[in-house]
Structures are given as structure tokens and as C-alpha cells.
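A.B. asks: Pasting query30.tsv here (TSV, C-alpha atoms):
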```tsv
chain	number	residue	atom	x	y	z
A	595	MET	CA	28.84	0.37	-7.32
A	596	THR	CA	29.64	4.09	-7.50
A	597	ALA	CA	30.81	5.28	-4.10
A	598	CYS	CA	32.52	8.66	-4.57
A	599	PHE	CA	30.52	11.87	-4.87
A	600	PRO	CA	31.00	12.71	-8.59
A	601	THR	CA	30.22	9.22	-9.89
A	602	ALA	CA	27.25	8.76	-7.53
A	603	ALA	CA	25.76	12.05	-8.75
A	604	ALA	CA	26.47	11.11	-12.36
A	605	ALA	CA	24.53	7.84	-11.97
A	606	PHE	CA	21.33	9.85	-11.48
A	607	VAL	CA	21.65	11.88	-14.67
A	608	CYS	CA	23.65	9.66	-17.02
A	609	SER	CA	21.61	8.98	-20.18
A	610	ALA	CA	23.39	5.65	-20.54
A	611	THR	CA	21.68	4.26	-17.42
A	612	THR	CA	18.04	3.33	-16.97
A	613	GLY	CA	15.70	2.18	-14.24
A	614	LYS	CA	14.73	-0.79	-16.41
A	615	LEU	CA	16.78	-3.89	-17.04
A	616	PRO	CA	17.38	-3.85	-20.82
A	617	GLY	CA	15.89	-6.80	-22.65
A	618	SER	CA	14.64	-8.47	-19.48
A	619	HIS	CA	11.22	-10.04	-18.93
A	620	LEU	CA	11.40	-8.52	-15.45
A	621	ASN	CA	10.77	-5.06	-16.86
A	622	ARG	CA	7.05	-5.41	-16.29
A	623	LEU	CA	7.74	-5.73	-12.54
A	624	ASN	CA	10.13	-2.82	-12.25
A	625	TRP	CA	7.38	-0.43	-11.26
A	626	LEU	CA	6.40	-2.49	-8.24
A	627	PRO	CA	8.68	-1.11	-5.52
A	628	PHE	CA	10.32	1.90	-7.16
A	629	LYS	CA	8.49	3.73	-9.90
A	630	SER	CA	10.87	6.68	-9.50
A	631	ALA	CA	13.63	4.59	-11.09
A	632	LEU	CA	12.00	4.79	-14.52
A	633	THR	CA	13.64	6.93	-17.14
A	634	VAL	CA	12.15	9.70	-19.22
A	635	PRO	CA	9.56	10.15	-20.58
A	636	ASP	CA	7.66	7.93	-18.11
A	637	HIS	CA	9.44	9.39	-15.10
A	638	THR	CA	8.75	12.98	-16.17
A	639	ARG	CA	5.09	12.31	-16.97
A	640	LEU	CA	4.33	10.52	-13.70
A	641	ARG	CA	6.31	12.93	-11.54
A	642	GLY	CA	4.37	15.83	-13.06
A	643	LEU	CA	1.08	14.39	-11.79
A	644	VAL	CA	2.02	14.77	-8.12
A	645	GLN	CA	4.79	17.36	-7.90
A	646	ASN	CA	2.34	20.23	-7.33
A	647	VAL	CA	1.32	18.60	-4.04
A	648	PHE	CA	4.89	18.89	-2.76
A	649	THR	CA	5.59	22.57	-3.43
A	650	ALA	CA	7.35	24.47	-0.64
A	651	CYS	CA	4.26	26.61	-0.01
A	652	LEU	CA	1.87	23.68	0.36
A	653	ILE	CA	4.31	21.74	2.52
A	654	GLU	CA	4.78	24.75	4.80
A	655	ASN	CA	1.02	24.68	5.42
A	656	LEU	CA	1.56	21.35	7.18
A	657	ARG	CA	3.85	22.90	9.80
A	658	GLU	CA	1.14	23.40	12.42
A	659	ARG	CA	-0.20	19.86	12.02
A	660	ILE	CA	3.28	18.32	12.27
A	661	GLN	CA	4.09	20.43	15.34
A	662	ASP	CA	0.83	19.47	17.09
A	663	LEU	CA	1.49	15.81	16.31
A	664	ALA	CA	5.06	15.92	17.68
A	665	ASP	CA	3.85	17.52	20.92
A	666	GLU	CA	0.97	15.07	21.22
A	667	LEU	CA	3.30	12.08	20.87
A	668	LEU	CA	5.68	13.41	23.53
A	669	ASN	CA	2.76	14.16	25.84
A	670	GLN	CA	1.79	10.50	25.60
A	671	VAL	CA	5.16	9.24	26.87
A	672	GLN	CA	6.04	11.97	29.35
A	673	ALA	CA	5.06	9.92	32.41
A	674	GLU	CA	7.02	6.83	31.35
A	675	GLY	CA	10.59	8.07	31.52
A	676	ARG	CA	11.48	5.92	28.52
A	677	MET	CA	10.35	5.15	25.00
A	678	ASP	CA	11.38	3.51	21.77
A	679	LEU	CA	12.11	6.63	19.75
A	680	ILE	CA	11.43	4.80	16.48
A	681	ARG	CA	8.13	3.15	17.35
A	682	ASP	CA	6.70	5.88	19.58
A	683	TYR	CA	7.88	9.00	17.76
A	684	ALA	CA	9.90	8.81	14.54
A	685	LEU	CA	7.53	6.33	12.88
A	686	GLN	CA	4.32	8.01	14.01
A	687	ILE	CA	4.96	11.45	12.53
A	688	PRO	CA	5.56	10.66	8.83
A	689	THR	CA	3.10	7.74	8.68
A	690	THR	CA	0.35	9.95	10.07
A	691	ILE	CA	1.10	12.87	7.74
A	692	ILE	CA	1.35	10.83	4.52
A	693	ALA	CA	-1.74	8.83	5.49
A	694	GLU	CA	-3.70	12.05	5.93
A	695	MET	CA	-2.43	13.42	2.62
A	696	LEU	CA	-3.40	10.27	0.73
A	697	GLY	CA	-6.63	9.63	2.59
A	698	VAL	CA	-5.49	6.34	4.13
A	699	SER	CA	-7.33	5.25	7.28
A	700	MET	CA	-5.45	5.98	10.49
A	701	LYS	CA	-5.97	2.42	11.68
A	702	ASP	CA	-3.97	1.17	8.68
A	703	ARG	CA	-0.83	3.26	9.29
A	704	LEU	CA	1.26	0.56	10.95
A	705	LYS	CA	-0.10	-2.05	8.54
A	706	PHE	CA	1.26	-0.28	5.49
A	707	HIS	CA	4.55	0.35	7.31
A	708	ARG	CA	4.85	-3.40	7.93
A	709	TRP	CA	4.21	-4.10	4.24
A	710	SER	CA	6.62	-1.33	3.26
A	711	ASN	CA	9.34	-2.67	5.53
A	712	ALA	CA	9.01	-6.12	3.98
A	713	ALA	CA	9.27	-4.69	0.47
A	714	ILE	CA	12.37	-2.66	1.31
A	715	ALA	CA	14.09	-5.52	3.13
A	716	SER	CA	13.49	-7.79	0.14
A	717	THR	CA	16.32	-6.11	-1.77
A	718	SER	CA	18.89	-7.82	0.45
A	719	SER	CA	18.56	-11.33	-1.05
A	720	ARG	CA	16.59	-13.49	-3.48
A	721	TRP	CA	15.14	-15.38	-0.55
A	722	GLY	CA	14.08	-12.03	0.88
A	723	VAL	CA	12.19	-11.28	-2.35
A	724	LEU	CA	10.24	-14.53	-2.02
A	725	MET	CA	9.50	-13.85	1.63
A	726	ALA	CA	8.27	-10.35	0.77
A	727	LEU	CA	5.86	-11.44	-1.98
A	728	PRO	CA	2.86	-12.07	0.31
A	729	HIS	CA	3.34	-8.62	1.85
A	730	ALA	CA	3.62	-7.00	-1.58
A	731	VAL	CA	0.46	-8.75	-2.78
A	732	ALA	CA	-1.42	-7.66	0.34
A	733	PHE	CA	-0.17	-4.10	-0.06
A	734	LEU	CA	-1.21	-3.89	-3.72
A	735	ARG	CA	-4.60	-5.44	-2.96
A	736	TYR	CA	-5.12	-2.83	-0.26
A	737	ILE	CA	-4.26	-0.01	-2.69
A	738	ARG	CA	-6.61	-1.36	-5.36
A	739	VAL	CA	-9.43	-1.49	-2.80
A	740	LEU	CA	-8.60	2.08	-1.81
A	741	VAL	CA	-8.70	3.21	-5.46
A	742	LYS	CA	-12.05	1.47	-5.97
A	743	ALA	CA	-13.44	3.23	-2.90
A	744	ARG	CA	-12.31	6.65	-4.17
A	745	ARG	CA	-13.88	6.02	-7.58
A	746	ALA	CA	-17.19	5.38	-5.84
A	747	ASN	CA	-16.85	8.06	-3.16
A	748	PRO	CA	-14.29	10.79	-3.99
A	749	GLU	CA	-12.71	12.68	-1.10
A	750	ASP	CA	-10.39	15.64	-0.74
A	751	ASP	CA	-7.14	13.68	-0.82
A	752	LEU	CA	-4.27	12.79	-3.11
A	753	VAL	CA	-5.59	9.35	-4.04
A	754	THR	CA	-8.80	10.93	-5.34
A	755	ALA	CA	-6.75	13.46	-7.32
A	756	LEU	CA	-4.76	10.66	-8.96
A	757	VAL	CA	-7.93	8.68	-9.70
A	758	ARG	CA	-9.42	11.73	-11.38
A	759	ALA	CA	-6.24	12.23	-13.41
A	760	GLU	CA	-6.47	8.65	-14.64
A	761	GLU	CA	-10.19	8.94	-15.43
A	762	ALA	CA	-9.50	12.16	-17.35
A	763	GLY	CA	-7.18	10.21	-19.63
A	764	ASP	CA	-4.09	11.99	-18.30
A	765	GLN	CA	-1.81	9.18	-19.53
A	766	LEU	CA	-2.04	7.25	-16.27
A	767	SER	CA	-2.78	3.53	-16.51
A	768	GLU	CA	-4.38	1.50	-13.72
A	769	ASP	CA	-1.05	-0.17	-12.90
A	770	GLU	CA	0.73	3.19	-12.87
A	771	LEU	CA	-1.93	4.60	-10.56
A	772	VAL	CA	-1.44	1.74	-8.10
A	773	ALA	CA	2.35	1.99	-8.40
A	774	MET	CA	2.34	5.74	-7.75
A	775	ILE	CA	0.25	5.34	-4.59
A	776	PHE	CA	2.55	2.50	-3.52
A	777	LEU	CA	5.58	4.73	-3.97
A	778	LEU	CA	4.03	7.69	-2.15
A	779	LEU	CA	3.08	5.52	0.83
A	780	VAL	CA	6.52	3.91	1.03
A	781	ALA	CA	8.79	6.84	0.23
A	782	GLY	CA	6.45	9.25	2.01
A	783	HIS	CA	7.42	7.92	5.41
A	784	GLU	CA	10.42	5.56	5.25
A	785	THR	CA	13.11	8.20	4.69
A	786	THR	CA	11.75	10.49	7.42
A	787	VAL	CA	11.60	7.70	10.00
A	788	ASN	CA	15.29	7.10	9.38
A	789	LEU	CA	16.15	10.80	9.28
A	790	ILE	CA	14.65	11.33	12.74
A	791	GLY	CA	16.08	8.12	14.19
A	792	ASN	CA	19.56	8.33	12.66
A	793	GLY	CA	19.75	12.06	13.33
A	794	THR	CA	18.85	11.70	16.99
A	795	LEU	CA	21.38	8.89	17.41
A	796	ALA	CA	24.12	11.00	15.77
A	797	LEU	CA	23.40	13.87	18.16
A	798	LEU	CA	23.43	11.63	21.22
A	799	GLU	CA	26.75	10.14	20.10
A	800	ASN	CA	28.23	13.61	19.51
A	801	PRO	CA	27.41	15.57	22.69
A	802	ASP	CA	29.40	18.63	21.60
A	803	GLN	CA	27.14	19.03	18.58
A	804	LEU	CA	24.05	18.20	20.62
A	805	ASN	CA	24.93	20.99	23.07
A	806	ARG	CA	25.61	23.29	20.15
A	807	LEU	CA	22.06	22.76	18.89
A	808	LEU	CA	20.56	23.02	22.38
A	809	ASP	CA	22.32	26.37	22.83
A	810	ASN	CA	21.26	27.60	19.39
A	811	PRO	CA	17.90	26.08	18.29
A	812	ALA	CA	17.87	28.38	15.25
A	813	LEU	CA	20.58	26.09	13.82
A	814	ILE	CA	18.00	23.34	13.20
A	815	LYS	CA	17.77	23.74	9.41
A	816	ALA	CA	21.53	23.50	8.90
A	817	ALA	CA	21.65	20.73	11.50
A	818	VAL	CA	19.16	18.57	9.59
A	819	GLU	CA	21.15	19.02	6.38
A	820	GLU	CA	24.30	17.84	8.16
A	821	LEU	CA	22.48	14.92	9.77
A	822	LEU	CA	21.24	13.92	6.32
A	823	ARG	CA	24.82	13.96	5.07
A	824	TYR	CA	26.48	12.39	8.09
A	825	ASN	CA	24.12	9.46	8.66
A	826	GLY	CA	21.40	9.75	6.06
A	827	PRO	CA	18.25	7.65	5.61
A	828	LEU	CA	19.42	5.92	2.44
A	829	GLU	CA	22.40	3.62	1.96
A	830	THR	CA	22.08	3.44	-1.82
A	831	ALA	CA	19.89	4.87	-4.55
A	832	THR	CA	17.42	2.58	-6.28
A	833	GLU	CA	18.99	0.26	-8.82
A	834	ARG	CA	19.83	1.39	-12.32
A	835	TYR	CA	21.18	-0.56	-15.31
A	836	ALA	CA	23.53	0.32	-18.13
A	837	ARG	CA	21.44	0.94	-21.25
A	838	GLU	CA	24.58	0.45	-23.32
A	839	ASP	CA	28.28	-0.16	-22.73
A	840	THR	CA	29.46	2.92	-20.87
A	841	THR	CA	32.45	4.14	-18.89
A	842	VAL	CA	32.15	5.44	-15.34
A	843	ALA	CA	35.25	6.72	-13.53
A	844	GLY	CA	37.47	4.83	-15.98
A	845	VAL	CA	35.60	1.55	-15.51
A	846	THR	CA	33.65	0.01	-18.39
A	847	VAL	CA	30.13	-1.04	-17.38
A	848	PRO	CA	28.66	-3.56	-19.88
A	849	ARG	CA	25.12	-3.18	-21.15
A	850	GLY	CA	22.60	-4.60	-18.71
A	851	GLU	CA	24.92	-4.46	-15.69
A	852	LEU	CA	23.56	-3.18	-12.40
A	853	VAL	CA	24.73	0.29	-11.30
A	854	LEU	CA	24.27	1.31	-7.67
A	855	ALA	CA	25.01	4.81	-6.38
A	856	VAL	CA	26.12	4.45	-2.76
A	857	LEU	CA	24.79	7.66	-1.27
A	858	ALA	CA	26.16	7.05	2.22
A	859	SER	CA	29.69	6.77	0.85
A	860	ALA	CA	29.31	9.74	-1.51
A	861	ASN	CA	28.25	11.89	1.43
A	862	ARG	CA	31.50	11.03	3.23
A	863	ASP	CA	33.73	11.75	0.21
A	864	GLU	CA	36.79	13.66	1.49
A	865	GLN	CA	37.22	15.25	-1.94
A	866	GLN	CA	33.80	16.86	-1.59
A	867	PHE	CA	33.51	17.49	2.16
A	868	GLU	CA	36.30	18.72	4.41
A	869	ASP	CA	36.75	16.46	7.45
A	870	ALA	CA	33.89	14.37	6.08
A	871	ASP	CA	33.73	11.91	8.97
A	872	ARG	CA	33.11	14.68	11.51
A	873	LEU	CA	29.60	15.83	12.41
A	874	ASP	CA	29.51	19.63	12.00
A	875	LEU	CA	26.03	21.13	12.35
A	876	GLY	CA	27.24	24.42	10.92
A	877	ARG	CA	28.78	22.89	7.78
A	878	GLU	CA	28.52	25.28	4.85
A	879	PRO	CA	28.20	24.63	1.99
A	880	ASN	CA	26.68	21.18	2.30
A	881	PRO	CA	25.78	19.79	-1.16
A	882	HIS	CA	24.93	16.26	-0.01
A	883	VAL	CA	23.05	13.73	-2.14
A	884	ALA	CA	20.92	12.22	0.63
A	885	PHE	CA	17.81	12.92	-1.45
A	886	GLY	CA	19.33	11.99	-4.78
A	887	PHE	CA	20.26	14.27	-7.65
A	888	GLY	CA	18.93	15.65	-10.94
A	889	ILE	CA	15.63	14.37	-12.30
A	890	HIS	CA	15.60	11.66	-9.63
A	891	TYR	CA	15.84	14.14	-6.75
A	892	CYS	CA	13.36	13.07	-4.07
A	893	LEU	CA	9.92	14.56	-4.74
A	894	GLY	CA	9.11	14.68	-1.02
A	895	ALA	CA	12.41	16.16	0.16
A	896	SER	CA	10.77	19.37	1.38
A	897	LEU	CA	8.24	17.39	3.43
A	898	ALA	CA	10.93	15.13	4.91
A	899	ARG	CA	13.04	18.16	5.82
A	900	LEU	CA	10.14	19.90	7.56
A	901	GLU	CA	9.14	16.78	9.47
A	902	GLY	CA	12.75	16.19	10.49
A	903	GLN	CA	13.29	19.78	11.60
A	904	ILE	CA	10.14	19.89	13.71
A	905	ALA	CA	10.55	16.39	15.17
A	906	ILE	CA	14.17	16.85	16.24
A	907	ALA	CA	13.76	20.46	17.44
A	908	THR	CA	10.67	19.57	19.49
A	909	LEU	CA	12.32	16.47	20.96
A	910	LEU	CA	15.37	18.41	22.13
A	911	ARG	CA	13.37	21.38	23.39
A	912	ARG	CA	11.11	19.21	25.49
A	913	ILE	CA	13.57	16.47	26.50
A	914	PRO	CA	17.07	18.00	26.59
A	915	ASN	CA	18.32	15.21	28.89
A	916	LEU	CA	17.56	12.38	26.45
A	917	LYS	CA	19.90	9.36	26.75
A	918	ILE	CA	20.35	6.09	24.86
A	919	ALA	CA	19.09	3.25	27.05
A	920	ILE	CA	21.47	0.60	25.68
A	921	PRO	CA	25.04	0.64	24.34
A	922	SER	CA	25.26	1.99	20.81
A	923	ASN	CA	26.89	-1.21	19.57
A	924	ALA	CA	23.82	-3.16	20.71
A	925	LEU	CA	21.50	-1.24	18.41
A	926	ARG	CA	20.13	-3.21	15.46
A	927	TRP	CA	19.89	-1.79	11.95
A	928	ARG	CA	17.17	-2.64	9.48
A	929	ARG	CA	17.89	-5.23	6.79
A	930	GLY	CA	18.08	-4.26	3.14
A	931	LEU	CA	20.33	-2.58	0.64
A	932	VAL	CA	18.54	0.73	0.08
A	933	LEU	CA	17.48	2.12	3.45
A	934	ARG	CA	19.70	2.81	6.45
A	935	GLY	CA	17.72	2.98	9.65
A	936	LEU	CA	17.41	1.59	13.15
A	937	GLU	CA	14.94	-1.11	14.09
A	938	THR	CA	14.57	0.43	17.54
A	939	LEU	CA	16.16	3.25	19.53
A	940	PRO	CA	15.40	2.84	23.26
A	941	VAL	CA	15.90	6.12	25.15
A	942	THR	CA	15.40	7.34	28.70
A	943	PHE	CA	14.61	10.78	30.11
A	944	THR	CA	13.29	12.59	33.16
A	945	ARG	CA	9.65	11.73	33.75
A	946	ASN	CA	6.86	14.29	33.56
A	947	PHE	CA	8.93	16.85	31.69
A	948	GLY	CA	5.75	18.84	31.17
A	949	ARG	CA	3.12	19.29	28.50
A	950	SER	CA	3.86	21.75	25.77
A	951	THR	CA	1.76	24.28	23.96
A	952	VAL	CA	2.74	25.28	20.45
A	953	ASN	CA	4.03	28.78	19.83
A	954	ARG	CA	2.24	29.95	16.69
A	955	SER	CA	3.98	33.34	16.46
```
What would you get if you wrote out this structure as C-alpha cells?
C.D. replies:
Amino acid sequence: MTACFPTAAAAFVCSATTGKLPGSHLNRLNWLPFKSALTVPDHTRLRGLVQNVFTACLIENLRERIQDLADELLNQVQAEGRMDLIRDYALQIPTTIIAEMLGVSMKDRLKFHRWSNAAIASTSSRWGVLMALPHAVAFLRYIRVLVKARRANPEDDLVTALVRAEEAGDQLSEDELVAMIFLLLVAGHETTVNLIGNGTLALLENPDQLNRLLDNPALIKAAVEELLRYNGPLETATERYAREDTTVAGVTVPRGELVLAVLASANRDEQQFEDADRLDLGREPNPHVAFGFGIHYCLGASLARLEGQIAIATLLRRIPNLKIAIPSNALRWRRGLVLRGLETLPVTFTRNFGRSTVNRS
């Protein structure tokens, strides 16, 4: 494992590491959960097919929809005085947005999250992999049915665009098409769920910084960057393997050995961040690696940032008296090696805090 900032960053760009296990018969399965782990030229070719969808300009066009969705979700719970912030809010925003982008039926949002959660949790043990197989098979079957439907009846969505790229002979195989949709569905919501949940928890546990943001809502962009660093959505990067014998931080890594960049540790590196264990919403500069680094930098980072900014800002504006409903040490974290996120986050607040209209100015 690489846990300090320089070596974690180097793991993303080192030519001596690869997303494939050298010489292993398992290579043909490597695409299944994490296509982004592939090395060039596959990584570059596949990333190029979808990166235009995630430009800053196009993502900014989603602002109004994300804002309306955040307000709608809070309107639904305003009379209750309590909610599970993960289930009722943090999960709903990114699953809805990525489903709309891909053309996935709204009724299937929670279904693909359940499949996704099983796939992510499977990295924690071999038994977990076996337990996750039925979910993975169901997920892939669902995607293949979706692809077949778009071939027959194209729509204005990302799945149709990928199908057309494959049909045009744009170097996209059937398996790669399915894998890319799989990745977009999983990565398109999992990190944001954890960003919103972990970020809200960090603010509630640091009332001085919470009050700082309440007093100065314009700080939200810098605040989200610090929340990503302080308690980010990923524990580790996806697995990589030494392509050849190589040396990292004075340690020889034999060919074929697993290399894991521990992002959570790198983002608390005292050599990189002053007072690294302190939450400071005004931290500047803040070169965290919560979204990876180099060619493996998260394709959807701009979308995750926008969703996180709107979700947290709207939550605090409308419910400034939010409180955790149970002791922090009673909260349960999701299983798995890659993601870091809460299973639930029960919160309470004053009932009927009022419906909100969106300021479009």
C-alpha cells in the first residue's frame, strides 16, 4: 500500500503499474467492476468516448435540475422532523441525475444502487466476491437489455450515444460498451453519495466550521474541497499491479504484486497539508487526491462537485438546526476496501421548516 501523498499520486501515473494483473487468466474479468483501471491505450480510447459529456459547461447546465431535486427531496421530509440523510437525500440526488443522463428508468434507480453496493463491497474478501456474483450477473444482464432496447429504439441519452459509437466502429466492443455503462452507473453516483453523507457528518462533528459555512454560504466551493480531503468518498484507489519489478519510496515491488494507493491517508499527509487532521473550510491551497490523479483523475469529478455543493448548501440553508439522531460512534460504515461511506445517517430537525423556491438569479 502507498499511504503518503507523493507515493499515492505516483501510483496513478507510474508506467511500471497497470490495471491488469500481468500474466493472469483473470485479466479478462478486470473490466467488470473498474474499467478505469486499464492502462493506455485502452484507457485513453474509452475515456475519450464519454469525456465530452462531462465538460464543465455541460455539467453546469445541470445546476437547475440538481437544485430543484434537492429542494423537492427536502420538501418531502419537512413534516417529519427526521430523516435518514443517506437514504432520503444523499442517495437520491446522484442516482436520479446519472439515471437521467444514461436513460435508465427511474423505477430502477435503487435497484442498480443495490447491485452497485454489492459489487463494491465484494472487494473486502473472497467470500464477498462469491456473494456478489449474483448481483453482478443481474446488473450486467440489465445493462445488456438496456443496450438492446436502445439499438431498437434510440433516445437522447448517453447509452444511445455509446451504442452509436460502437455501431460506427469506433473501437468499442460489446463487452467494453457494457463495462463502460456499468462504470458510469456505479461511479456516477457512489462517490457523490459518500461526499454528501461524509461531508455533512464532518460539519455536524465540527460545529465551528459548520457555523463558519452558515455565516458565509459563498464558502461552499472551498468547503466541498476540504470535505473531500478531510473525509473523502474513497478509501483507496482501484487496484493496480506492478508491470515489472519497480521501486516505490525505497521499497521494491515485485512484478505482479498488488499496489493500492490509500487516498484517505494521502489526504491527511502532514508533509503535504498543514495541520492535516483539522477541518478547515478555508484551506488554501488544497491539492487533495480525493478524485485520483493524472490520467486516472475521475471523469465525473465536476459533476460530483456540483452535486455536493448544491446538496450541502441547500441542506444547510433550509435546515440550519440539523442534528445527528444517534451517537457518532454508533454510526455504521459501508463494507469494502475502496469506498468510504455511511450506511445510514439518521438526523433530526425542526418540523415544517418551510418549502423553498429556487433563486435563479
A.B. asks: Skipping near chain neighbours, those fewer than 5 positions away, what residues fall within 12 Å of A:His882 using all atoms listed in the file, listed as a PDB file with C-alpha atoms, in the coordinates of the input?
C.D. replies:
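After the write, result.pdb holds the following:
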```
ATOM      1  CA  CYS A 598      32.520   8.660  -4.570  1.00  0.00           C
ATOM      2  CA  PHE A 599      30.520  11.870  -4.870  1.00  0.00           C
ATOM      3  CA  PRO A 600      31.000  12.710  -8.590  1.00  0.00           C
ATOM      4  CA  ALA A 602      27.250   8.760  -7.530  1.00  0.00           C
ATOM      5  CA  ALA A 603      25.760  12.050  -8.750  1.00  0.00           C
ATOM      6  CA  ALA A 816      21.530  23.500   8.900  1.00  0.00           C
ATOM      7  CA  VAL A 818      19.160  18.570   9.590  1.00  0.00           C
ATOM      8  CA  GLU A 819      21.150  19.020   6.380  1.00  0.00           C
ATOM      9  CA  GLU A 820      24.300  17.840   8.160  1.00  0.00           C
ATOM     10  CA  LEU A 821      22.480  14.920   9.770  1.00  0.00           C
ATOM     11  CA  LEU A 822      21.240  13.920   6.320  1.00  0.00           C
ATOM     12  CA  ARG A 823      24.820  13.960   5.070  1.00  0.00           C
ATOM     13  CA  TYR A 824      26.480  12.390   8.090  1.00  0.00           C
ATOM     14  CA  ASN A 825      24.120   9.460   8.660  1.00  0.00           C
ATOM     15  CA  GLY A 826      21.400   9.750   6.060  1.00  0.00           C
ATOM     16  CA  LEU A 828      19.420   5.920   2.440  1.00  0.00           C
ATOM     17  CA  LEU A 857      24.790   7.660  -1.270  1.00  0.00           C
ATOM     18  CA  ALA A 858      26.160   7.050   2.220  1.00  0.00           C
ATOM     19  CA  SER A 859      29.690   6.770   0.850  1.00  0.00           C
ATOM     20  CA  ALA A 860      29.310   9.740  -1.510  1.00  0.00           C
ATOM     21  CA  ASN A 861      28.250  11.890   1.430  1.00  0.00           C
ATOM     22  CA  ARG A 862      31.500  11.030   3.230  1.00  0.00           C
ATOM     23  CA  ASP A 863      33.730  11.750   0.210  1.00  0.00           C
ATOM     24  CA  GLN A 866      33.800  16.860  -1.590  1.00  0.00           C
ATOM     25  CA  PHE A 867      33.510  17.490   2.160  1.00  0.00           C
ATOM     26  CA  ALA A 870      33.890  14.370   6.080  1.00  0.00           C
ATOM     27  CA  ARG A 877      28.780  22.890   7.780  1.00  0.00           C
ATOM     28  CA  PHE A 887      20.260  14.270  -7.650  1.00  0.00           C
ATOM     29  CA  TYR A 891      15.840  14.140  -6.750  1.00  0.00           C
TER      30      TYR A 891
END
```
A.B. asks: Grab the atom CA of A:Asp809 to atom CA of A:Asp874 distance for me, in Å with one decimal place.
C.D. replies: 14.6 Å
A.B. asks: Do a neighbour search on stretch 670-672 of chain A at 6 Å with all atoms listed in the file, toss out local chain neighbours closer than 2 positions, and write the hits as a ChimeraX atom specification.
C.D. replies: /A:667-668,674,945-946
A.B. asks: Can you work out which one of A:Ala726, A:Leu893, A:Ile920, A:Ala884 has the shortest atom-to-atom distance to A:Asn646, counting only C-alpha atoms?
C.D. replies: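 For A:Asn646, the nearest of the given residues is A:Leu893.
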A.B. asks: List the neighbours of A:Arg758 out to 10 Å using all atoms listed in the file; skip same-chain residues closer than 6 positions along the sequence, and give me the result as a list of chain:residue names.
C.D. replies: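 Within the cut-off, the hits are A:Arg744, A:Arg745, A:Pro748, A:Leu752, A:Asp764, A:Leu766.
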A.B. asks: Would you mind telling me which residue in A:Arg929, A:Met695, A:Asp662, A:Pro914 lies nearest to A:Arg806 when using all atoms listed in the file?
C.D. replies: A:Pro914
A.B. asks: Residues proximal to (-5.7, 10.7, -8.1) were defined as those with any atom within 10 Å of that point in the file's coordinates, counting only C-alpha atoms. Which are they, as a list in words?
C.D. replies: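 Residues found, by chain and rising number: Leu643, Val644, Leu696, Val741, Arg744, Arg745, Pro748, Asp751, Leu752, Val753, Thr754, Ala755, Leu756, Val757, Arg758, Ala759, Glu760, Glu761, Leu766, Leu771, Val772, Met774 and Ile775 of chain A.
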A.B. asks: Just how far from atom CA of A:Asn915 is atom CA of A:Phe943, in Å to one decimal?
C.D. replies: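 Answer for the atom CA of A:Phe943 to atom CA of A:Asn915 separation: 5.9 Å.
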A.B. asks: List the neighbours of A:Ala796 out to 12 Å using only C-alpha atoms; skip same-chain residues closer than 3 positions along the sequence, and give me the result as a tab-separated table (two decimals) with C-alpha atoms, keeping the file's coordinate frame.
C.D. replies:
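around-v7.tsv, freshly written:
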```tsv
chain	number	residue	atom	x	y	z
A	788	ASN	CA	15.29	7.10	9.38
A	789	LEU	CA	16.15	10.80	9.28
A	790	ILE	CA	14.65	11.33	12.74
A	791	GLY	CA	16.08	8.12	14.19
A	792	ASN	CA	19.56	8.33	12.66
A	793	GLY	CA	19.75	12.06	13.33
A	799	GLU	CA	26.75	10.14	20.10
A	800	ASN	CA	28.23	13.61	19.51
A	801	PRO	CA	27.41	15.57	22.69
A	802	ASP	CA	29.40	18.63	21.60
A	803	GLN	CA	27.14	19.03	18.58
A	804	LEU	CA	24.05	18.20	20.62
A	817	ALA	CA	21.65	20.73	11.50
A	818	VAL	CA	19.16	18.57	9.59
A	820	GLU	CA	24.30	17.84	8.16
A	821	LEU	CA	22.48	14.92	9.77
A	822	LEU	CA	21.24	13.92	6.32
A	823	ARG	CA	24.82	13.96	5.07
A	824	TYR	CA	26.48	12.39	8.09
A	825	ASN	CA	24.12	9.46	8.66
A	826	GLY	CA	21.40	9.75	6.06
A	871	ASP	CA	33.73	11.91	8.97
A	872	ARG	CA	33.11	14.68	11.51
A	873	LEU	CA	29.60	15.83	12.41
A	874	ASP	CA	29.51	19.63	12.00
A	875	LEU	CA	26.03	21.13	12.35
A	906	ILE	CA	14.17	16.85	16.24
A	917	LYS	CA	19.90	9.36	26.75
A	918	ILE	CA	20.35	6.09	24.86
A	922	SER	CA	25.26	1.99	20.81
A	935	GLY	CA	17.72	2.98	9.65
A	936	LEU	CA	17.41	1.59	13.15
A	939	LEU	CA	16.16	3.25	19.53
```
A.B. asks: Which residue gives the smallest distance to A:Arg657 among A:Thr841, A:Asn669, A:Thr944, A:Gln903, with all atoms listed in the file counted?
C.D. replies: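 Closest to A:Arg657, using all atoms listed in the file: A:Gln903.
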A.B. asks: Please indicate the distance in Å from atom CA of A:Arg911 to atom CA of A:His783, rounded to one decimal place.
C.D. replies: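 Answer for the atom CA of A:Arg911 to atom CA of A:His783 separation: 23.2 Å.
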A.B. asks: For A:Leu778, which residue out of A:Gln645, A:Thr938, A:Gln661, A:Asn810 is the nearest one, using all atoms listed in the file?
C.D. replies: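 That would be A:Gln645, the residue with the smallest distance to A:Leu778.
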A.B. asks: When you look at A:Glu829 with a cut-off of 7 Å (counting all atoms listed in the file), what residues show up, excluding the ones that are within fewer than 4 positions of it in the same chain? I need them as a list in words.
C.D. replies: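 So the residues in contact are Val856, Leu857, Ala858, Leu931, Val932, Leu933 and Arg934 of chain A.
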